[in-house]
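Below is the file start.txt, which contains compact mmCIF, C-alpha atoms and all ligand atoms.
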```txt
# COMPACT_ATOMS: atom_id res chain seq x y z
CA MET A 1 0.00 0.00 0.00
CA SER A 2 1.29 3.47 -0.83
CA PHE A 3 2.45 5.83 1.90
CA ILE A 4 -0.35 8.28 1.10
CA LYS A 5 -3.03 5.59 1.34
CA LYS A 6 -1.69 4.34 4.65
CA LEU A 7 -1.68 7.86 6.05
CA LYS A 8 -5.21 8.47 4.85
CA GLU A 9 -6.34 5.21 6.49
CA LYS A 10 -4.73 6.17 9.78
CA ILE A 11 -6.38 9.58 9.74
CA THR A 12 -9.85 8.22 9.02
CA GLN A 13 -9.53 5.96 12.05
CA GLN A 14 -9.16 9.02 14.26
CA THR A 15 -11.87 11.34 15.52
CA GLU A 16 -13.36 13.42 12.76
CA SER A 17 -13.58 16.50 14.96
CA VAL A 18 -9.81 16.52 15.47
CA THR A 19 -9.21 16.18 11.73
CA ASN A 20 -11.62 19.07 11.10
CA LYS A 21 -9.94 21.25 13.71
CA PHE A 22 -6.57 20.78 12.04
CA LYS A 23 -8.08 21.36 8.60
CA GLU A 24 -9.85 24.55 9.68
CA GLY A 25 -6.94 25.80 11.75
CA LEU A 26 -4.48 25.32 8.93
CA SER A 27 -6.66 26.67 6.15
CA LYS A 28 -4.60 29.87 5.75
CA THR A 29 -1.36 27.93 5.43
CA ARG A 30 -2.99 25.47 3.07
CA ASP A 31 -4.36 28.28 0.91
CA SER A 32 -0.95 29.81 0.51
CA PHE A 33 1.73 27.22 0.59
CA ALA A 34 0.05 23.96 -0.37
CA ASP A 35 -1.72 25.76 -3.19
CA LYS A 36 1.56 27.26 -4.34
CA ILE A 37 3.11 23.81 -4.41
CA ASN A 38 0.17 22.53 -6.43
CA ASP A 39 0.50 25.43 -8.81
CA LEU A 40 4.20 24.75 -9.15
CA LEU A 41 3.58 21.10 -9.89
CA SER A 42 1.09 21.93 -12.59
CA ARG A 43 3.37 24.51 -14.21
CA TYR A 44 6.32 22.20 -14.35
CA ARG A 45 5.56 18.95 -16.03
CA LYS A 46 9.09 17.73 -15.55
CA VAL A 47 11.13 18.20 -12.44
CA ASP A 48 14.34 20.03 -13.17
CA GLU A 49 16.78 22.34 -11.38
CA GLU A 50 14.50 25.36 -11.87
CA PHE A 51 11.58 23.49 -10.40
CA PHE A 52 13.53 22.65 -7.26
CA GLU A 53 14.66 26.25 -6.92
CA GLU A 54 11.08 27.47 -7.03
CA LEU A 55 10.03 24.81 -4.56
CA GLU A 56 12.73 26.06 -2.19
CA GLU A 57 11.33 29.56 -2.48
CA VAL A 58 7.76 28.49 -1.70
CA LEU A 59 8.88 26.56 1.35
CA ILE A 60 11.08 29.37 2.66
CA GLN A 61 8.17 31.81 2.29
CA ALA A 62 6.06 29.49 4.45
CA ASP A 63 8.65 29.87 7.22
CA VAL A 64 9.82 26.28 7.04
CA GLY A 65 13.35 27.55 7.78
CA VAL A 66 16.20 27.98 5.32
CA GLN A 67 18.45 25.15 6.46
CA THR A 68 15.52 22.78 6.75
CA VAL A 69 14.33 23.68 3.25
CA LEU A 70 17.77 23.16 1.74
CA ASP A 71 18.08 19.76 3.41
CA LEU A 72 14.57 18.76 2.43
CA VAL A 73 14.95 19.76 -1.21
CA ASP A 74 18.37 18.09 -1.46
CA ASP A 75 16.82 14.94 -0.10
CA LEU A 76 13.94 15.19 -2.55
CA LYS A 77 16.31 15.67 -5.46
CA MET A 78 18.30 12.61 -4.51
CA GLU A 79 15.22 10.49 -3.97
CA ALA A 80 13.70 11.63 -7.26
CA LYS A 81 16.90 10.65 -9.01
CA ARG A 82 17.05 7.30 -7.25
CA GLN A 83 13.45 6.49 -8.10
CA LYS A 84 13.90 7.94 -11.59
CA ILE A 85 11.00 10.34 -11.07
CA GLU A 86 10.85 12.93 -13.82
CA ASP A 87 7.18 13.72 -13.89
CA SER A 88 6.27 16.42 -11.36
CA GLU A 89 2.92 14.78 -10.47
CA ALA A 90 4.78 11.69 -9.33
CA LEU A 91 6.81 13.83 -6.97
CA LYS A 92 3.77 14.93 -4.91
CA PRO A 93 3.52 11.86 -2.68
CA LEU A 94 7.27 12.02 -2.13
CA ILE A 95 7.01 15.61 -0.89
CA ILE A 96 4.36 14.58 1.64
CA GLU A 97 6.40 11.58 2.74
CA LYS A 98 9.42 13.81 3.34
CA PHE A 99 7.36 16.22 5.42
CA VAL A 100 6.12 13.44 7.68
CA GLU A 101 9.64 12.02 7.93
CA LEU A 102 10.99 15.42 8.86
CA LEU A 103 8.56 15.84 11.71
CA GLN A 104 8.29 12.26 12.85
CA PRO A 105 11.16 12.05 15.38
CA SER A 106 9.44 14.59 17.60
CA ALA A 107 6.45 12.28 18.00
CA GLU A 108 8.40 10.19 20.51
CA ASN A 109 8.44 12.79 23.25
CA GLN A 110 5.19 14.42 22.28
CA GLU A 111 3.19 13.49 25.37
CA LEU A 112 3.07 15.69 28.42
CA ASN A 113 4.88 14.22 31.41
CA VAL A 114 1.85 13.89 33.66
CA GLN A 115 2.24 11.97 36.91
CA ASP A 116 -0.19 9.28 37.84
CA GLY A 117 -1.43 9.67 41.41
CA SER A 118 0.81 12.59 42.41
CA LEU A 119 1.00 16.30 41.74
CA THR A 120 2.21 17.38 38.29
CA VAL A 121 3.65 20.89 38.01
CA ILE A 122 3.73 22.58 34.62
CA LEU A 123 5.50 25.90 34.16
CA PHE A 124 4.53 28.20 31.28
CA VAL A 125 7.07 30.65 29.91
CA GLY A 126 6.92 33.04 26.98
CA VAL A 127 6.77 36.73 26.15
CA ASN A 128 3.66 38.86 26.61
CA GLY A 129 0.84 38.50 24.17
CA VAL A 130 1.79 35.14 22.70
CA GLY A 131 -1.27 33.46 24.18
CA LYS A 132 0.18 32.13 27.43
CA THR A 133 -2.83 32.87 29.61
CA THR A 134 -5.21 31.59 26.97
CA THR A 135 -3.19 28.39 26.66
CA ILE A 136 -3.22 27.85 30.43
CA GLY A 137 -7.00 28.27 30.39
CA LYS A 138 -7.40 25.83 27.52
CA MET A 139 -5.09 23.29 29.13
CA ALA A 140 -6.94 23.60 32.45
CA HIS A 141 -10.13 22.82 30.56
CA MET A 142 -8.50 19.85 28.83
CA PHE A 143 -7.27 18.31 32.09
CA LYS A 144 -10.67 18.87 33.69
CA GLN A 145 -12.30 17.04 30.81
CA GLN A 146 -9.96 14.15 31.61
CA GLY A 147 -11.35 14.13 35.16
CA LYS A 148 -8.31 15.74 36.77
CA LYS A 149 -8.28 18.32 39.55
CA VAL A 150 -6.54 21.46 38.33
CA LEU A 151 -5.20 24.58 40.03
CA LEU A 152 -3.63 27.71 38.50
CA ALA A 153 -0.81 29.86 39.91
CA ALA A 154 -0.79 33.53 38.89
CA GLY A 155 2.99 33.80 38.61
CA ASP A 156 2.92 36.72 36.18
CA THR A 157 2.90 39.39 38.86
CA PHE A 158 4.76 41.82 36.61
CA ARG A 159 2.30 42.82 33.93
CA ALA A 160 -0.71 44.85 35.00
CA GLY A 161 -3.86 42.88 34.39
CA ALA A 162 -2.18 39.47 34.03
CA ILE A 163 -3.63 38.16 37.32
CA GLU A 164 -7.18 39.26 36.45
CA GLN A 165 -6.83 37.78 33.00
CA LEU A 166 -5.82 34.43 34.44
CA GLU A 167 -8.77 34.59 36.81
CA ILE A 168 -11.14 35.06 33.87
CA TRP A 169 -9.75 31.96 32.20
CA GLY A 170 -9.87 30.11 35.53
CA GLU A 171 -13.57 30.93 35.74
CA ARG A 172 -14.18 29.82 32.18
CA ALA A 173 -12.47 26.50 32.81
CA GLY A 174 -13.98 26.18 36.29
CA VAL A 175 -10.68 26.03 38.23
CA ASP A 176 -9.28 28.08 41.13
CA VAL A 177 -6.38 30.52 40.89
CA ILE A 178 -3.77 31.11 43.60
CA LYS A 179 -2.65 34.74 43.48
CA HIS A 180 -0.84 37.48 45.36
CA HIS A 181 -1.03 41.17 44.58
CA ALA A 182 0.60 42.65 41.49
CA GLY A 183 4.33 43.27 41.87
CA SER A 184 4.84 40.50 44.43
CA ASP A 185 7.42 37.72 44.19
CA PRO A 186 6.31 35.11 41.63
CA ALA A 187 8.31 32.38 43.42
CA ALA A 188 6.22 33.03 46.55
CA VAL A 189 3.02 32.64 44.52
CA VAL A 190 4.23 29.33 43.13
CA TYR A 191 5.25 28.17 46.62
CA ASP A 192 1.79 28.96 47.98
CA ALA A 193 0.17 27.28 45.02
CA ILE A 194 2.13 24.06 45.67
CA GLN A 195 1.02 24.06 49.31
CA ALA A 196 -2.59 24.68 48.28
CA ALA A 197 -2.36 21.97 45.62
CA ARG A 198 -1.19 19.47 48.23
CA LYS A 199 -3.93 20.39 50.66
CA ARG A 200 -6.59 20.15 47.99
CA GLU A 201 -5.19 16.95 46.45
CA ILE A 202 -4.78 18.61 43.07
CA ASP A 203 -3.53 16.54 40.12
CA VAL A 204 -2.15 19.29 37.89
CA LEU A 205 -0.80 22.72 38.84
CA LEU A 206 -0.37 25.12 35.91
CA CYS A 207 1.94 28.07 36.67
CA ASP A 208 1.92 31.31 34.70
CA THR A 209 5.12 33.39 34.62
CA ALA A 210 6.06 36.82 33.29
CA GLY A 211 8.03 36.67 30.08
CA ARG A 212 10.46 39.53 30.18
CA LEU A 213 12.60 38.70 27.23
CA GLN A 214 14.00 42.21 26.97
CA ASN A 215 16.05 41.48 30.03
CA LYS A 216 17.55 38.02 29.82
CA VAL A 217 19.40 38.27 33.14
CA ASN A 218 16.23 39.20 35.00
CA LEU A 219 14.29 36.52 33.25
CA MET A 220 16.87 33.92 34.17
CA GLN A 221 17.01 35.05 37.77
CA GLU A 222 13.26 35.04 38.13
CA LEU A 223 12.83 31.64 36.52
CA ASN A 224 15.72 30.15 38.49
CA LYS A 225 14.16 31.29 41.71
CA ILE A 226 10.83 29.73 40.74
CA TYR A 227 12.68 26.52 39.85
CA ARG A 228 14.48 26.43 43.18
CA VAL A 229 11.24 26.85 45.09
CA ILE A 230 9.48 24.15 43.09
CA GLN A 231 12.38 21.70 43.33
CA ARG A 232 12.74 22.15 47.07
CA GLU A 233 9.15 20.99 47.38
CA ILE A 234 9.11 18.40 44.60
CA PRO A 235 12.62 17.41 43.42
CA GLU A 236 11.53 16.03 40.04
CA ALA A 237 9.36 19.07 39.23
CA PRO A 238 8.55 21.05 37.18
CA HIS A 239 7.47 18.06 35.13
CA GLU A 240 7.20 20.27 32.08
CA THR A 241 8.46 23.73 31.18
CA LEU A 242 6.39 24.75 28.20
CA LEU A 243 7.41 27.67 26.05
CA VAL A 244 4.44 29.37 24.44
CA LEU A 245 5.16 30.84 21.01
CA ASP A 246 2.97 32.82 18.63
CA ALA A 247 3.04 31.23 15.17
CA THR A 248 2.12 34.54 13.53
CA THR A 249 5.48 36.02 14.54
CA GLY A 250 7.28 33.61 12.20
CA GLN A 251 11.06 33.62 12.47
CA ASN A 252 10.82 35.78 15.57
CA ALA A 253 9.27 32.81 17.37
CA LEU A 254 12.36 30.84 16.50
CA SER A 255 14.70 33.37 18.07
CA GLN A 256 12.51 33.59 21.18
CA ALA A 257 12.75 29.83 21.51
CA LYS A 258 16.55 30.02 21.32
CA THR A 259 16.75 32.69 24.01
CA PHE A 260 14.37 30.94 26.41
CA ASN A 261 16.10 27.65 25.86
CA GLU A 262 19.38 29.25 26.87
CA ALA A 263 17.83 30.99 29.88
CA THR A 264 16.04 27.92 31.14
CA GLY A 265 15.59 24.38 29.89
CA ILE A 266 12.46 23.91 27.82
CA SER A 267 10.76 20.53 27.61
CA GLY A 268 8.24 21.43 24.96
CA ILE A 269 6.59 24.14 22.92
CA VAL A 270 3.01 25.24 22.56
CA LEU A 271 2.57 27.00 19.25
CA THR A 272 -0.46 29.28 19.37
CA LYS A 273 -2.42 31.06 16.66
CA LEU A 274 -1.53 28.57 13.97
CA ASP A 275 -4.97 29.39 12.59
CA GLY A 276 -3.94 33.03 12.19
CA THR A 277 -1.00 32.51 9.89
CA ALA A 278 -0.34 31.44 6.34
CA LYS A 279 3.16 30.52 7.42
CA GLY A 280 2.36 27.35 9.34
CA GLY A 281 5.65 25.88 8.14
CA ILE A 282 7.15 27.40 11.29
CA VAL A 283 6.25 24.14 13.10
CA ILE A 284 8.77 22.35 10.91
CA ALA A 285 11.45 25.00 11.44
CA ILE A 286 11.08 24.81 15.21
CA ARG A 287 11.19 21.05 15.26
CA ASN A 288 14.16 20.83 12.94
CA GLU A 289 16.29 23.77 13.89
CA LEU A 290 15.83 23.52 17.65
CA GLY A 291 15.02 19.89 18.25
CA ILE A 292 12.41 20.87 20.83
CA PRO A 293 9.10 19.05 20.42
CA VAL A 294 6.01 21.08 19.58
CA LYS A 295 3.65 19.37 22.02
CA TYR A 296 0.48 21.38 21.52
CA VAL A 297 -0.88 23.77 18.94
CA GLY A 298 -3.49 26.51 19.26
CA LEU A 299 -5.93 26.32 16.38
CA GLY A 300 -8.43 28.96 17.50
CA GLU A 301 -9.63 31.06 20.41
CA LYS A 302 -12.15 28.68 21.97
CA LEU A 303 -11.54 26.55 25.07
CA ASP A 304 -11.26 23.34 23.09
CA ASP A 305 -9.06 24.76 20.33
CA LEU A 306 -5.85 23.52 21.90
CA GLN A 307 -4.79 20.23 20.35
CA PRO A 308 -1.88 17.85 20.86
CA PHE A 309 0.36 18.39 17.86
CA ASP A 310 -0.12 15.45 15.55
CA VAL A 311 2.33 15.23 12.65
CA GLU A 312 0.03 13.20 10.48
CA GLN A 313 -3.01 15.40 11.07
CA TYR A 314 -0.84 18.42 10.31
CA VAL A 315 0.43 17.06 7.01
CA TYR A 316 -2.98 15.69 6.09
CA ALA A 317 -4.58 19.07 6.76
CA LEU A 318 -1.97 20.85 4.63
CA PHE A 319 -2.30 18.54 1.67
CA SER A 320 -5.90 17.44 2.09
CA GLU A 321 -6.77 18.36 -1.48
CA LEU A 322 -4.13 16.02 -2.75
CA PHE A 323 -5.54 13.21 -0.64
CA GLU A 324 -9.04 13.85 -2.00
CA GLU A 325 -7.67 14.02 -5.54
CA ARG A 326 -5.98 10.69 -5.25
CA GLU A 327 -9.16 9.10 -4.02
CA GLN A 328 -10.73 9.66 -7.42
CA GLN A 329 -7.88 7.83 -9.09
CA PRO A 330 -8.02 4.09 -9.69
CA ALA A 331 -6.67 1.91 -6.86
CA GLU A 332 -2.95 1.25 -6.91
N1 LIG A 401 -6.71 32.75 16.79
C1 LIG A 401 -6.11 32.40 17.91
N2 LIG A 401 -5.96 33.30 18.89
C2 LIG A 401 -5.34 32.92 20.03
C3 LIG A 401 -4.84 31.61 20.21
N3 LIG A 401 -4.25 31.56 21.43
C4 LIG A 401 -4.40 32.78 21.97
N4 LIG A 401 -5.05 33.61 21.14
C5 LIG A 401 -5.36 35.04 21.34
O1 LIG A 401 -4.17 35.77 21.54
C6 LIG A 401 -4.39 36.90 22.34
C7 LIG A 401 -3.32 36.98 23.43
O2 LIG A 401 -3.47 35.92 24.33
P1 LIG A 401 -3.11 36.02 25.86
O3 LIG A 401 -3.43 34.72 26.45
O4 LIG A 401 -3.71 37.23 26.43
O5 LIG A 401 -1.55 36.24 25.79
P2 LIG A 401 -0.51 36.09 26.96
O6 LIG A 401 0.70 35.48 26.42
O7 LIG A 401 -1.11 35.50 28.16
O8 LIG A 401 -0.22 37.55 27.26
P3 LIG A 401 0.39 38.03 28.59
O9 LIG A 401 -0.63 37.79 29.64
O10 LIG A 401 0.61 39.44 28.25
O11 LIG A 401 1.64 37.27 28.77
C8 LIG A 401 -5.81 36.75 22.86
O12 LIG A 401 -6.64 37.61 22.12
C9 LIG A 401 -6.16 35.30 22.56
O13 LIG A 401 -7.53 35.10 22.33
C10 LIG A 401 -4.99 30.66 19.12
O14 LIG A 401 -4.56 29.52 19.17
N5 LIG A 401 -5.63 31.12 18.01
```
Could you render the structure from this file as structure tokens?
Amino acid sequence: MSFIKKLKEKITQQTESVTNKFKEGLSKTRDSFADKINDLLSRYRKVDEEFFEELEEVLIQADVGVQTVLDLVDDLKMEAKRQKIEDSEALKPLIIEKFVELLQPSAENQELNVQDGSLTVILFVGVNGVGKTTTIGKMAHMFKQQGKKVLLAAGDTFRAGAIEQLEIWGERAGVDVIKHHAGSDPAAVVYDAIQAARKREIDVLLCDTAGRLQNKVNLMQELNKIYRVIQREIPEAPHETLLVLDATTGQNALSQAKTFNEATGISGIVLTKLDGTAKGGIVIAIRNELGIPVKYVGLGEKLDDLQPFDVEQYVYALFSELFEEREQQPAE
């Protein structure tokens, strides 16, 4: 069975609502970059050097990342040569296969490290406005749906309004928020939240932090202090440090990831607002140029619009037209 057919079969076995969320959320990216690839394939009947150059351009414009694009296209060229593919149509499935291959290694450590029967602490880092608070609210909702007891810690004491904003999301998700007044020590908030979580037999504690990227030393100091407090209470915590990035900021997201990763270890990324960009190729750049798994993606503003990042759903959503097209063709 062909790779494309197998992938299609796998997808149809999964929940339709998830497939639709990915399709809807990635419609802007699909409209730009997948359509451009299709256009390219129809303009060039035969694959030649010029074709590959144009393909590189399309992929770079979609924020896939220069080095990643060069590697991917080199690989495609070699594979096309090996398989003696000259017809551009025949190259389509190979492009999809390479995309999945490129993203696949991250699938291994995709799952959140959630403890069974003891408190899990998840720390959220990221600059202002990327969707951190929204993501915490959505994740609180998700854990609640799974029957878990959730508590939030308002560790962004720096930005005016951050505490109130978290409280609004706490209300929406139906979970409590531990807070101090604005300007107080975030490590003290997190400490109190851990004590409260223990008393209330909470399963998951989600901690907000202030993302002051403009001052890396401050950021490091603040995060280190929070770490120390958490680890004194629970040595193996935080179980996850999730960096929240805004997909619409493109390459900027990549440089934020580098800085945060240097300031503090990051165990995973939540990429928000993927629905708001035509440059959804940024997922690939992050995965490939940083080696940090994208664990969740934000595909809209609603509570249930946060989805575990699924490589196959992502690729299927990007190239869905191609999958439909192939369905009309005779069986292989
Ligand atoms: N379309 C879309 N919008 C999102 C998504 N995630 C967050 N947003 C929106 O992004 C905006 C900023 O989100 P916030 O949660 O306030 O950002 P933040 O990082 O918490 O900001 P600070 O509290 O300043 O750190 C809000 O209008 C959200 O509704 C997403 O996945 N898709």
Do you have, as CSV, the list of residues of stretch 85-189 of chain A lying at most 7 Å from stretch 200-215 of chain A, each with its nearest atom pair and that distance in Å to one decimal, counting all atoms listed in the file and ordered by chain then number?
```
residue,atom,partner,partner_atom,distance
A:Ser118,CA,A:Asp203,CA,6.3
A:Leu119,CA,A:Asp203,CA,4.8
A:Thr120,CA,A:Val204,CA,4.8
A:Val121,CA,A:Leu205,CA,4.9
A:Ile122,CA,A:Leu206,CA,5.0
A:Leu123,CA,A:Cys207,CA,4.9
A:Phe124,CA,A:Asp208,CA,5.3
A:Val125,CA,A:Thr209,CA,5.8
A:Gly126,CA,A:Gly211,CA,4.9
A:Val127,CA,A:Gly211,CA,4.1
A:Asn128,CA,A:Gly211,CA,6.0
A:Ile136,CA,A:Leu206,CA,6.8
A:Lys148,CA,A:Asp203,CA,5.9
A:Lys149,CA,A:Ile202,CA,5.0
A:Val150,CA,A:Val204,CA,4.9
A:Leu151,CA,A:Leu205,CA,4.9
A:Leu152,CA,A:Leu206,CA,4.9
A:Ala153,CA,A:Cys207,CA,4.6
A:Ala154,CA,A:Asp208,CA,5.5
A:Gly155,CA,A:Thr209,CA,4.5
A:Asp156,CA,A:Ala210,CA,4.3
A:Thr157,CA,A:Ala210,CA,6.9
A:Phe158,CA,A:Ala210,CA,6.1
```
For chain A against ligand LIG 401 (chain A), with a cut-off of 6 Å and counting only C-alpha atoms and all ligand atoms, what is the closest atom pair and its distance in Å to one decimal for every residue that makes the cut, ordered by chain and number, as CSV?
```
residue,atom,partner,partner_atom,distance
A:Val127,CA,A:LIG401,O11,5.8
A:Asn128,CA,A:LIG401,O11,3.4
A:Gly129,CA,A:LIG401,O8,3.4
A:Val130,CA,A:LIG401,O6,3.9
A:Gly131,CA,A:LIG401,O5,3.2
A:Lys132,CA,A:LIG401,O6,3.5
A:Thr133,CA,A:LIG401,O7,3.5
A:Thr134,CA,A:LIG401,O3,3.6
A:Ala162,CA,A:LIG401,O9,4.9
A:Thr272,CA,A:LIG401,O14,4.1
A:Lys273,CA,A:LIG401,N5,3.5
A:Asp275,CA,A:LIG401,N1,5.7
A:Gly276,CA,A:LIG401,N1,5.4
A:Gly298,CA,A:LIG401,O14,3.2
A:Leu299,CA,A:LIG401,O14,4.5
A:Gly300,CA,A:LIG401,N5,3.6
A:Glu301,CA,A:LIG401,C1,4.5
```
| remark: One decimal place gives the atom CA of A:Asp71-atom CA of A:Val100 separation as 14.2 Å
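Between atom CA of A:Ser267 and atom CA of A:Phe319 there is a distance of 29.1 Å.
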| task | Fewer than 6 positions away in the same chain doesn't count, so skip those; otherwise give me all residues within 12 Å of A:Lys28, counting all atoms listed in the file, as a ChimeraX atom specification. | result | /A:22,34-35,62,248,273-281,299,317-318
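Nearest to A:Ala80 of all the residues A:Val175, A:Ala187, A:Leu94, A:Ala257 is A:Leu94, based on all atoms listed in the file.
Comparing the minimum interatomic distances between A:Ile230 and each of A:Ala247, A:Ile286, A:Leu242, A:Ile194, counting all atoms listed in the file, we find that A:Ile194 sits nearest.
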| query | Out of A:Asn38, A:Gln14, A:Thr241, A:Thr19, which residue has the shortest atom-to-atom distance to A:Glu89 when counting only C-alpha atoms? | reply | A:Asn38
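Proximity to A:Ala263 was assessed for A:Leu303, A:Leu103, A:Met220, A:Ile284 counting only C-alpha atoms; the smallest distance is recorded for A:Met220.
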| said: When you count all atoms listed in the file, which of these residues is closest to A:Leu306: A:Ile85, A:Ala140, A:Lys258, A:Leu40? | reply: A:Ala140
| A:Glu9, A:Asp185, A:Glu101, A:Glu262 ranked by distance to A:Val315, top pick (using all atoms listed in the file) | A:Glu101
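The space between atom CA of A:Pro308 and atom CA of A:Val64 spans 20.0 Å.
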| Within 9 Å of A:Tyr44 using only C-alpha atoms, minus same-chain residues under 5 positions, as a PyMOL selection string | chain A and resi 39+51+87-88
